[in-house]
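Here's the structure we're looking at; comments come further down.
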Amino acid sequence: MDVFQEPGTRFEFDTYDDVRHGFFDPDLSRTFDRRPFEAGNVRHGVVSTAHGELHRARRRLENRQFRAEALRSDEVELAPRVIDEWLDTLLDREAVDLSRVAHLLNAAVSARRFGIDLDRPSLEELTLLDAELDGLAQMSGIIDSKDPERTREIARTALADFERDFVRAARERRAGLIAQRGTEIEQPPDDLLTMLLLHRHDPGLELDDDGLIVRELATYFVGGTSTTAPTLVNATDFLFLSADRDPSVRSRIVDDLAFAQRFVHETLRLRPLTPKPKRYAEADTSVGGRAIPRGSVVVLDIARANVDPRVFGPTANDFDPDREVPHGVFRWGLSFGAGAHQCPGRSLAGGFPLSGDRTITDDHLFGLIAVMFREIVRRGVRRDPERAPERDTRRDTPTERFSRWLSYPVLVDAPSRP
Ligand code: HEM
């Protein structure tokens, strides 16, 4: 038996309503492989492959990391600090690979957010973390891989390296602080790793395993970086296409963070990072009126659903950050998923949804991607006429990876903040 529990018939859905319906079906799981870690299942026990009560218990705990005050502090303190520390250093050279810049920026944010102690990381440390994250990203790539054995091996090696280079010291420090709680002046930091360690013996969470804690942390790290970084690059790609037609788009992004956010949401709609998530039918069920026998594989085509003309109108395929969307529909379409596995990081990455009348309330959040994007645009990012961008087609078919980049060379007019 390889990845799939049982070979089953494959059903594909691509209308907005069907895909949304599929996301909410409690009989559709993400559990394709039930083997333990030792038998080769590198995602054994992590939140994204858990189902039912275990999945709900994990999400109840971990969602606390994304409460409004934590998101606000990430957006108004953490992200600007990381941008100040890193963006000009990373852009301060003649030819820049924006994909690398985006990954390093997001790795720096995620390290602080999830509990890896890199107080003042060197460029070498950040680069190492980013390289290991690239390997960890293969944990979710096995299902679509052309060579599952090789992909699995890359993921296992990355997990061992990540544990040794980044998690071990952070875990020992937190375990020490937790053991002395109440007697020490220093409190354990409020981050995901501390939370997992504090609750590791809680019944129903199944976290009492050091290896699983590393895998759970890796799941959030990868979820947080392998999506936000390419979205930043995709938004810049759309900027170049839009500015060719209307140069004022640059000043709109810099002067109006709500427009920058709509620009990012439109980018997410047309370039979803998980274009075709898959589900395993735990029981006989039905989606959009079609019967799905137990054991089937269900493919939810977000990329097609996001351009469904019944929802987004006759201009659904056009990039238009000023478009109107129907009430109850997110501007990003289904790019953050829906239902039980809906992305826990959506407000961190994309901010709060923008209402139809575009009213911005005092407590509105714009999301880390919009904040970073605006700073990159402010610095005068331009296409590099000498070097073409290269798409990342390493893991699966090129059509499914149209939203990821291996490199995206750019030129920068003003490396320093004007
Ligand atoms: C542009 C940014 C992002 C996009 C497009 C995105 C997209 C998604 C999607 C589509 C899913 C659901 C997959 C499915 O149902 O099969 C998901 C789940 C998940 N995302 Fe995100 N994500 C983003 C940012 C983040 C961030 C910032 C984090 C962490 C802070 C994160 C962590 C996760 C985790 C842990 C899951 C699994 C949740 C579960 O299975 O219950 N994501 N994401």
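Note on naming: chains are A, B, ... as they come in the structure tokens, residues start from 1 per chain, ligands start from 1 in the order shown.
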Residues of chain A at most 7 Å from ligand 1: nearest atom pair and distance in Å, only C-alpha atoms and all ligand atoms, as JSON lines:
```
{"residue": "A:Phe23", "atom": "CA", "partner": "ligand 1", "partner_atom_place_in_ligand_line": "15 (O)", "distance": 6.7}
{"residue": "A:Arg30", "atom": "CA", "partner": "ligand 1", "partner_atom_place_in_ligand_line": "16 (O)", "distance": 6.8}
{"residue": "A:Val47", "atom": "CA", "partner": "ligand 1", "partner_atom_place_in_ligand_line": "40 (O)", "distance": 5.3}
{"residue": "A:Ser48", "atom": "CA", "partner": "ligand 1", "partner_atom_place_in_ligand_line": "40 (O)", "distance": 3.1}
{"residue": "A:Thr49", "atom": "CA", "partner": "ligand 1", "partner_atom_place_in_ligand_line": "40 (O)", "distance": 6.2}
{"residue": "A:His55", "atom": "CA", "partner": "ligand 1", "partner_atom_place_in_ligand_line": "41 (O)", "distance": 6.8}
{"residue": "A:Arg59", "atom": "CA", "partner": "ligand 1", "partner_atom_place_in_ligand_line": "41 (O)", "distance": 6.3}
{"residue": "A:Thr219", "atom": "CA", "partner": "ligand 1", "partner_atom_place_in_ligand_line": "35 (C)", "distance": 5.6}
{"residue": "A:Tyr220", "atom": "CA", "partner": "ligand 1", "partner_atom_place_in_ligand_line": "35 (C)", "distance": 4.5}
{"residue": "A:Phe221", "atom": "CA", "partner": "ligand 1", "partner_atom_place_in_ligand_line": "29 (C)", "distance": 6.5}
{"residue": "A:Gly223", "atom": "CA", "partner": "ligand 1", "partner_atom_place_in_ligand_line": "32 (C)", "distance": 3.8}
{"residue": "A:Gly224", "atom": "CA", "partner": "ligand 1", "partner_atom_place_in_ligand_line": "26 (C)", "distance": 3.4}
{"residue": "A:Thr225", "atom": "CA", "partner": "ligand 1", "partner_atom_place_in_ligand_line": "27 (C)", "distance": 6.6}
{"residue": "A:Thr227", "atom": "CA", "partner": "ligand 1", "partner_atom_place_in_ligand_line": "2 (C)", "distance": 4.4}
{"residue": "A:Thr228", "atom": "CA", "partner": "ligand 1", "partner_atom_place_in_ligand_line": "1 (C)", "distance": 4.1}
{"residue": "A:Thr231", "atom": "CA", "partner": "ligand 1", "partner_atom_place_in_ligand_line": "1 (C)", "distance": 5.6}
{"residue": "A:Leu268", "atom": "CA", "partner": "ligand 1", "partner_atom_place_in_ligand_line": "5 (C)", "distance": 6.4}
{"residue": "A:Pro272", "atom": "CA", "partner": "ligand 1", "partner_atom_place_in_ligand_line": "5 (C)", "distance": 5.9}
{"residue": "A:Leu273", "atom": "CA", "partner": "ligand 1", "partner_atom_place_in_ligand_line": "5 (C)", "distance": 5.2}
{"residue": "A:Thr274", "atom": "CA", "partner": "ligand 1", "partner_atom_place_in_ligand_line": "10 (C)", "distance": 5.4}
{"residue": "A:Pro277", "atom": "CA", "partner": "ligand 1", "partner_atom_place_in_ligand_line": "16 (O)", "distance": 4.7}
{"residue": "A:Lys278", "atom": "CA", "partner": "ligand 1", "partner_atom_place_in_ligand_line": "16 (O)", "distance": 6.3}
{"residue": "A:Ser335", "atom": "CA", "partner": "ligand 1", "partner_atom_place_in_ligand_line": "10 (C)", "distance": 5.1}
{"residue": "A:Phe336", "atom": "CA", "partner": "ligand 1", "partner_atom_place_in_ligand_line": "10 (C)", "distance": 4.0}
{"residue": "A:Gly337", "atom": "CA", "partner": "ligand 1", "partner_atom_place_in_ligand_line": "10 (C)", "distance": 4.1}
{"residue": "A:Ala338", "atom": "CA", "partner": "ligand 1", "partner_atom_place_in_ligand_line": "15 (O)", "distance": 6.6}
{"residue": "A:Ala340", "atom": "CA", "partner": "ligand 1", "partner_atom_place_in_ligand_line": "41 (O)", "distance": 6.2}
{"residue": "A:His341", "atom": "CA", "partner": "ligand 1", "partner_atom_place_in_ligand_line": "41 (O)", "distance": 3.6}
{"residue": "A:Gln342", "atom": "CA", "partner": "ligand 1", "partner_atom_place_in_ligand_line": "12 (C)", "distance": 5.0}
{"residue": "A:Cys343", "atom": "CA", "partner": "ligand 1", "partner_atom_place_in_ligand_line": "18 (C)", "distance": 3.7}
{"residue": "A:Pro344", "atom": "CA", "partner": "ligand 1", "partner_atom_place_in_ligand_line": "33 (C)", "distance": 5.4}
{"residue": "A:Gly345", "atom": "CA", "partner": "ligand 1", "partner_atom_place_in_ligand_line": "26 (C)", "distance": 3.7}
{"residue": "A:Arg346", "atom": "CA", "partner": "ligand 1", "partner_atom_place_in_ligand_line": "24 (C)", "distance": 5.4}
{"residue": "A:Leu348", "atom": "CA", "partner": "ligand 1", "partner_atom_place_in_ligand_line": "27 (C)", "distance": 5.7}
{"residue": "A:Ala349", "atom": "CA", "partner": "ligand 1", "partner_atom_place_in_ligand_line": "27 (C)", "distance": 4.9}
{"residue": "A:Gly350", "atom": "CA", "partner": "ligand 1", "partner_atom_place_in_ligand_line": "1 (C)", "distance": 6.6}
```
Residues of the last selection are to be written out with N, CA, C and O atoms, as a CSV table (one decimal), in the first residue's frame.
```
chain,number,residue,atom,x,y,z
A,23,PHE,N,-16.1,20.7,0.7
A,23,PHE,CA,-15.3,21.1,1.8
A,23,PHE,C,-16.1,20.9,3.2
A,23,PHE,O,-15.5,20.6,4.2
A,30,ARG,N,-9.0,14.1,5.0
A,30,ARG,CA,-7.8,14.3,4.3
A,30,ARG,C,-6.8,13.1,4.7
A,30,ARG,O,-5.6,13.2,4.5
A,47,VAL,N,-2.3,17.8,12.2
A,47,VAL,CA,-3.7,18.4,12.2
A,47,VAL,C,-4.3,18.3,10.8
A,47,VAL,O,-5.5,18.0,10.6
A,48,SER,N,-3.4,18.5,9.7
A,48,SER,CA,-4.0,18.6,8.4
A,48,SER,C,-4.5,17.2,7.9
A,48,SER,O,-5.2,17.1,6.9
A,49,THR,N,-4.0,16.1,8.5
A,49,THR,CA,-4.5,14.8,8.1
A,49,THR,C,-5.4,14.1,9.1
A,49,THR,O,-5.9,13.1,8.9
A,55,HIS,N,-9.3,15.8,15.2
A,55,HIS,CA,-9.0,17.1,14.4
A,55,HIS,C,-9.7,18.3,15.1
A,55,HIS,O,-9.1,19.3,15.2
A,59,ARG,N,-7.7,21.6,16.5
A,59,ARG,CA,-8.0,22.9,16.0
A,59,ARG,C,-8.5,23.9,17.2
A,59,ARG,O,-8.2,25.0,17.2
A,219,THR,N,4.1,21.5,10.2
A,219,THR,CA,2.9,21.7,9.4
A,219,THR,C,2.5,23.2,9.4
A,219,THR,O,2.2,23.7,8.3
A,220,TYR,N,2.6,23.8,10.5
A,220,TYR,CA,2.3,25.2,10.6
A,220,TYR,C,3.3,26.1,9.9
A,220,TYR,O,3.0,27.1,9.2
A,221,PHE,N,4.6,25.7,10.1
A,221,PHE,CA,5.7,26.5,9.4
A,221,PHE,C,5.5,26.5,7.9
A,221,PHE,O,5.5,27.5,7.2
A,223,GLY,N,2.7,25.6,6.3
A,223,GLY,CA,1.4,26.2,5.9
A,223,GLY,C,1.6,27.7,5.8
A,223,GLY,O,1.0,28.4,5.0
A,224,GLY,N,2.4,28.3,6.8
A,224,GLY,CA,2.6,29.7,6.9
A,224,GLY,C,3.5,30.3,5.9
A,224,GLY,O,3.5,31.5,5.6
A,225,THR,N,4.5,29.5,5.3
A,225,THR,CA,5.5,30.1,4.4
A,225,THR,C,5.3,29.7,3.0
A,225,THR,O,5.5,30.5,2.1
A,227,THR,N,2.8,29.3,1.3
A,227,THR,CA,1.6,29.9,0.7
A,227,THR,C,1.8,31.4,0.6
A,227,THR,O,1.5,32.0,-0.4
A,228,THR,N,2.2,32.0,1.8
A,228,THR,CA,2.3,33.5,1.8
A,228,THR,C,3.4,34.0,0.9
A,228,THR,O,3.2,35.0,0.1
A,231,THR,N,2.4,33.9,-2.8
A,231,THR,CA,1.4,34.9,-3.0
A,231,THR,C,1.9,36.3,-3.2
A,231,THR,O,1.5,37.1,-4.0
A,268,LEU,N,-5.1,35.9,-4.8
A,268,LEU,CA,-5.3,34.6,-4.3
A,268,LEU,C,-6.5,33.8,-5.0
A,268,LEU,O,-6.4,32.6,-5.2
A,272,PRO,N,-4.7,30.2,-6.7
A,272,PRO,CA,-4.7,29.5,-5.4
A,272,PRO,C,-3.5,28.7,-5.2
A,272,PRO,O,-3.0,28.1,-6.2
A,273,LEU,N,-3.0,28.6,-4.0
A,273,LEU,CA,-1.8,27.8,-3.7
A,273,LEU,C,-2.0,26.3,-3.6
A,273,LEU,O,-1.1,25.5,-3.7
A,274,THR,N,-3.2,26.0,-3.3
A,274,THR,CA,-3.6,24.5,-3.3
A,274,THR,C,-4.7,24.4,-4.3
A,274,THR,O,-5.9,24.4,-3.9
A,277,PRO,N,-7.2,20.5,-3.9
A,277,PRO,CA,-7.1,19.6,-2.7
A,277,PRO,C,-7.9,18.3,-2.9
A,277,PRO,O,-8.9,18.4,-3.6
A,278,LYS,N,-7.4,17.3,-2.2
A,278,LYS,CA,-8.1,16.0,-2.3
A,278,LYS,C,-8.7,15.5,-1.0
A,278,LYS,O,-8.2,15.9,0.0
A,335,SER,N,-9.9,30.0,-1.9
A,335,SER,CA,-8.4,29.7,-1.8
A,335,SER,C,-7.9,29.5,-0.4
A,335,SER,O,-6.8,29.0,-0.2
A,336,PHE,N,-8.7,29.8,0.7
A,336,PHE,CA,-8.4,29.3,2.0
A,336,PHE,C,-9.2,28.1,2.4
A,336,PHE,O,-9.2,27.8,3.6
A,337,GLY,N,-9.8,27.4,1.5
A,337,GLY,CA,-10.6,26.3,1.8
A,337,GLY,C,-11.9,26.7,2.5
A,337,GLY,O,-12.3,27.9,2.4
A,338,ALA,N,-12.6,25.7,3.1
A,338,ALA,CA,-13.8,26.0,3.8
A,338,ALA,C,-14.1,24.8,4.7
A,338,ALA,O,-13.4,23.7,4.6
A,340,ALA,N,-14.3,22.2,8.0
A,340,ALA,CA,-13.5,21.8,9.1
A,340,ALA,C,-12.0,22.2,9.0
A,340,ALA,O,-11.3,22.5,9.9
A,341,HIS,N,-11.5,22.0,7.8
A,341,HIS,CA,-10.0,22.2,7.5
A,341,HIS,C,-9.7,23.6,7.0
A,341,HIS,O,-8.6,23.8,6.6
A,342,GLN,N,-10.7,24.5,7.1
A,342,GLN,CA,-10.4,25.8,6.5
A,342,GLN,C,-9.1,26.4,7.2
A,342,GLN,O,-8.9,26.2,8.4
A,343,CYS,N,-8.4,27.1,6.4
A,343,CYS,CA,-7.0,27.5,6.8
A,343,CYS,C,-7.1,28.3,8.1
A,343,CYS,O,-7.8,29.4,8.2
A,344,PRO,N,-6.4,27.9,9.1
A,344,PRO,CA,-6.4,28.7,10.4
A,344,PRO,C,-5.6,30.0,10.3
A,344,PRO,O,-5.7,30.9,11.1
A,345,GLY,N,-4.7,30.1,9.2
A,345,GLY,CA,-3.8,31.2,9.1
A,345,GLY,C,-4.4,32.3,8.2
A,345,GLY,O,-3.7,33.2,7.8
A,346,ARG,N,-5.7,32.1,7.8
A,346,ARG,CA,-6.2,33.0,6.7
A,346,ARG,C,-6.2,34.5,7.2
A,346,ARG,O,-5.9,35.4,6.4
A,348,LEU,N,-4.3,35.9,9.4
A,348,LEU,CA,-2.9,36.3,9.6
A,348,LEU,C,-2.4,36.7,8.2
A,348,LEU,O,-1.8,37.8,8.0
A,349,ALA,N,-2.6,35.8,7.2
A,349,ALA,CA,-2.0,36.1,5.9
A,349,ALA,C,-2.8,37.1,5.1
A,349,ALA,O,-2.3,38.0,4.5
A,350,GLY,N,-4.2,37.0,5.1
A,350,GLY,CA,-5.0,37.8,4.2
A,350,GLY,C,-5.8,38.8,4.9
A,350,GLY,O,-6.5,39.6,4.2
```
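Backbone DSSP over segment 169-212 of chain A yields helix (DSSP H, G or I) at Ala169, Ala170, Arg171, Glu172, Arg173, Arg174, Ala175, Gly176, Leu177, Ile178, Ala179, Leu192, Leu193, Thr194, Met195, Leu196, Leu197, Leu198, Asp210, Gly211 and Leu212 of chain A.
Candidate residues A:His44, A:Pro275, A:Ser122, A:Val371 were compared for distance to Leu78 of chain A, and the nearest is A:Val371, using only C-alpha atoms.
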* To do: Considering only C-alpha atoms, return as a count of residues only whatever protein or nucleic-acid residues lie within 9 Å of segment 235-240 of chain A, sequence-local ones (same chain, fewer than 2 positions apart) excluded.
  => 23
* Asked: Can you tell me, as a VMD selection string, what residues are no more than 10 Å from Leu196 of chain A when counting only C-alpha atoms, ignoring any on the same chain fewer than 6 positions away?
  -> chain A and resid 58 61 to 62 202 205 207 to 208 213 to 214 216 to 217
Please produce a file of those selected residues containing C-alpha atoms, as a CSV table (one decimal), in the first residue's frame.
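Output (part_0.csv):
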```
chain,number,residue,atom,x,y,z
A,58,ARG,CA,-6.4,20.0,17.9
A,61,LEU,CA,-6.4,24.4,20.9
A,62,GLU,CA,-4.3,25.7,18.0
A,202,ASP,CA,-4.3,16.7,27.6
A,205,LEU,CA,-5.0,15.6,21.7
A,207,LEU,CA,0.4,15.1,21.4
A,208,ASP,CA,2.5,13.0,23.8
A,213,ILE,CA,5.3,17.9,18.1
A,214,VAL,CA,8.0,18.5,15.5
A,216,GLU,CA,2.9,19.6,13.9
A,217,LEU,CA,5.2,22.6,14.2
```
If you count only C-alpha atoms, which residues fall within 9 Å of Ala258 of chain A, apart from same-chain ones fewer than 6 positions away, as a PDB file with C-alpha atoms, in the first residue's frame?
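Wrote it out as out18.pdb, contents follow:
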```
ATOM      1  CA  LEU A 354     -13.579  43.267   3.136  1.00  0.00           C
ATOM      2  CA  ARG A 358     -15.654  48.449   1.418  1.00  0.00           C
ATOM      3  CA  ILE A 360     -13.015  49.691   6.927  1.00  0.00           C
ATOM      4  CA  PHE A 366      -5.184  43.927   6.285  1.00  0.00           C
ATOM      5  CA  ALA A 370      -0.731  43.171   1.956  1.00  0.00           C
TER       6      ALA A 370
END
```
* What lies within 10 Å of Arg112 of chain A using only C-alpha atoms, ignoring chain neighbours under 3 positions off, as a VMD selection string? -> chain A and resid 74 78 82 107 to 109 115 to 119 189 to 192
* To do: Enumerate as a PyMOL selection string all residues of segment 166-374 of chain A assigned to strand (DSSP E) by DSSP on the backbone, naming them with the chain letters and numbers the document uses.
  => chain A and resi 278-281+285-287+290-292+297-300
Export of prior selection with all heavy atoms as an mmCIF file, in the first residue's frame:
```
data_model
loop_
_atom_site.group_PDB
_atom_site.id
_atom_site.type_symbol
_atom_site.label_atom_id
_atom_site.label_comp_id
_atom_site.auth_asym_id
_atom_site.auth_seq_id
_atom_site.Cartn_x
_atom_site.Cartn_y
_atom_site.Cartn_z
ATOM 1 N N LYS A 278 -7.438 17.286 -2.181
ATOM 2 C CA LYS A 278 -8.102 15.982 -2.345
ATOM 3 C C LYS A 278 -8.684 15.508 -1.035
ATOM 4 O O LYS A 278 -8.213 15.864 0.034
ATOM 5 C CB LYS A 278 -7.096 14.972 -2.880
ATOM 6 C CG LYS A 278 -6.623 15.385 -4.261
ATOM 7 C CD LYS A 278 -5.522 14.527 -4.812
ATOM 8 C CE LYS A 278 -5.033 15.115 -6.138
ATOM 9 N NZ LYS A 278 -4.471 16.468 -6.026
ATOM 10 N N ARG A 279 -9.704 14.668 -1.169
ATOM 11 C CA ARG A 279 -10.375 14.109 -0.004
ATOM 12 C C ARG A 279 -10.562 12.614 -0.192
ATOM 13 O O ARG A 279 -10.645 12.122 -1.330
ATOM 14 C CB ARG A 279 -11.763 14.750 0.190
ATOM 15 C CG ARG A 279 -11.738 16.222 0.539
ATOM 16 C CD ARG A 279 -11.174 16.413 1.928
ATOM 17 N NE ARG A 279 -11.331 17.758 2.442
ATOM 18 C CZ ARG A 279 -10.409 18.715 2.365
ATOM 19 N NH1 ARG A 279 -9.271 18.491 1.737
ATOM 20 N NH2 ARG A 279 -10.622 19.900 2.926
ATOM 21 N N TYR A 280 -10.654 11.895 0.935
ATOM 22 C CA TYR A 280 -10.911 10.463 0.928
ATOM 23 C C TYR A 280 -12.312 10.235 1.500
ATOM 24 O O TYR A 280 -12.626 10.767 2.576
ATOM 25 C CB TYR A 280 -9.849 9.760 1.797
ATOM 26 C CG TYR A 280 -10.078 8.283 1.926
ATOM 27 C CD1 TYR A 280 -9.676 7.425 0.909
ATOM 28 C CD2 TYR A 280 -10.699 7.756 3.055
ATOM 29 C CE1 TYR A 280 -9.899 6.069 1.013
ATOM 30 C CE2 TYR A 280 -10.919 6.396 3.163
ATOM 31 C CZ TYR A 280 -10.515 5.562 2.146
ATOM 32 O OH TYR A 280 -10.737 4.223 2.243
ATOM 33 N N ALA A 281 -13.147 9.471 0.785
ATOM 34 C CA ALA A 281 -14.516 9.231 1.274
ATOM 35 C C ALA A 281 -14.489 8.151 2.353
ATOM 36 O O ALA A 281 -14.246 6.982 2.070
ATOM 37 C CB ALA A 281 -15.423 8.824 0.122
ATOM 38 N N THR A 285 -21.242 8.766 0.384
ATOM 39 C CA THR A 285 -21.761 10.122 0.563
ATOM 40 C C THR A 285 -22.179 10.661 -0.799
ATOM 41 O O THR A 285 -22.215 9.901 -1.789
ATOM 42 C CB THR A 285 -20.716 11.025 1.264
ATOM 43 O OG1 THR A 285 -21.280 12.316 1.482
ATOM 44 C CG2 THR A 285 -19.435 11.178 0.466
ATOM 45 N N SER A 286 -22.490 11.948 -0.869
ATOM 46 C CA SER A 286 -22.776 12.532 -2.183
ATOM 47 C C SER A 286 -22.352 13.988 -2.178
ATOM 48 O O SER A 286 -22.397 14.658 -1.142
ATOM 49 C CB SER A 286 -24.268 12.414 -2.521
ATOM 50 O OG SER A 286 -24.997 13.303 -1.733
ATOM 51 N N VAL A 287 -21.902 14.443 -3.336
ATOM 52 C CA VAL A 287 -21.515 15.853 -3.492
ATOM 53 C C VAL A 287 -22.217 16.362 -4.744
ATOM 54 O O VAL A 287 -22.142 15.727 -5.804
ATOM 55 C CB VAL A 287 -19.980 16.008 -3.648
ATOM 56 C CG1 VAL A 287 -19.605 17.472 -3.931
ATOM 57 C CG2 VAL A 287 -19.239 15.512 -2.413
ATOM 58 N N ARG A 290 -24.121 13.945 -6.812
ATOM 59 C CA ARG A 290 -23.462 12.744 -7.357
ATOM 60 C C ARG A 290 -23.100 11.811 -6.210
ATOM 61 O O ARG A 290 -22.494 12.228 -5.217
ATOM 62 C CB ARG A 290 -22.160 13.134 -8.065
ATOM 63 C CG ARG A 290 -22.280 13.127 -9.578
ATOM 64 C CD ARG A 290 -21.168 13.931 -10.163
ATOM 65 N NE ARG A 290 -20.044 13.120 -10.586
ATOM 66 C CZ ARG A 290 -18.866 13.637 -10.943
ATOM 67 N NH1 ARG A 290 -18.650 14.935 -10.867
ATOM 68 N NH2 ARG A 290 -17.910 12.848 -11.350
ATOM 69 N N ALA A 291 -23.439 10.516 -6.370
ATOM 70 C CA ALA A 291 -23.141 9.545 -5.309
ATOM 71 C C ALA A 291 -21.638 9.249 -5.305
ATOM 72 O O ALA A 291 -21.035 9.015 -6.353
ATOM 73 C CB ALA A 291 -23.932 8.268 -5.557
ATOM 74 N N ILE A 292 -21.058 9.247 -4.110
ATOM 75 C CA ILE A 292 -19.616 8.971 -3.964
ATOM 76 C C ILE A 292 -19.474 7.738 -3.074
ATOM 77 O O ILE A 292 -19.763 7.806 -1.875
ATOM 78 C CB ILE A 292 -18.897 10.148 -3.254
ATOM 79 C CG1 ILE A 292 -19.264 11.495 -3.854
ATOM 80 C CG2 ILE A 292 -17.392 9.920 -3.174
ATOM 81 C CD1 ILE A 292 -18.502 11.873 -5.059
ATOM 82 N N VAL A 297 -11.729 8.821 -4.164
ATOM 83 C CA VAL A 297 -10.916 10.023 -4.038
ATOM 84 C C VAL A 297 -11.723 11.170 -4.646
ATOM 85 O O VAL A 297 -12.233 11.046 -5.757
ATOM 86 C CB VAL A 297 -9.588 9.861 -4.810
ATOM 87 C CG1 VAL A 297 -8.778 11.151 -4.754
ATOM 88 C CG2 VAL A 297 -8.796 8.685 -4.253
ATOM 89 N N VAL A 298 -11.838 12.259 -3.881
ATOM 90 C CA VAL A 298 -12.610 13.401 -4.364
ATOM 91 C C VAL A 298 -11.652 14.579 -4.557
ATOM 92 O O VAL A 298 -10.925 14.946 -3.635
ATOM 93 C CB VAL A 298 -13.732 13.758 -3.354
ATOM 94 C CG1 VAL A 298 -14.446 15.037 -3.772
ATOM 95 C CG2 VAL A 298 -14.710 12.602 -3.228
ATOM 96 N N VAL A 299 -11.652 15.140 -5.751
ATOM 97 C CA VAL A 299 -10.770 16.270 -6.058
ATOM 98 C C VAL A 299 -11.623 17.533 -6.102
ATOM 99 O O VAL A 299 -12.612 17.592 -6.830
ATOM 100 C CB VAL A 299 -10.079 16.066 -7.430
ATOM 101 C CG1 VAL A 299 -9.152 17.238 -7.742
ATOM 102 C CG2 VAL A 299 -9.320 14.746 -7.450
ATOM 103 N N LEU A 300 -11.235 18.521 -5.289
ATOM 104 C CA LEU A 300 -11.990 19.772 -5.228
ATOM 105 C C LEU A 300 -11.177 20.843 -5.968
ATOM 106 O O LEU A 300 -10.160 21.317 -5.467
ATOM 107 C CB LEU A 300 -12.223 20.170 -3.765
ATOM 108 C CG LEU A 300 -12.977 19.113 -2.930
ATOM 109 C CD1 LEU A 300 -13.011 19.501 -1.456
ATOM 110 C CD2 LEU A 300 -14.383 18.872 -3.463
#
```
* Asked: Which distance in Å separates atom CA of Asp363 of chain A and atom CA of Leu257 of chain A, to one decimal?
  ->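 Taking atom CA of Asp363 of chain A and atom CA of Leu257 of chain A, their separation equals 13.9 Å.
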* **Pairwise distance for atom CA of Leu136 of chain A and atom CA of Glu38 of chain A, rounded to one decimal in Å** => 16.8 Å
* Minimum-distance residue to Gly289 of chain A, chosen among A:Asp17, A:Asp256, A:Glu153, A:Glu386 (using only C-alpha atoms) ->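 Using only C-alpha atoms, the shortest distance to Gly289 of chain A belongs to A:Asp17.
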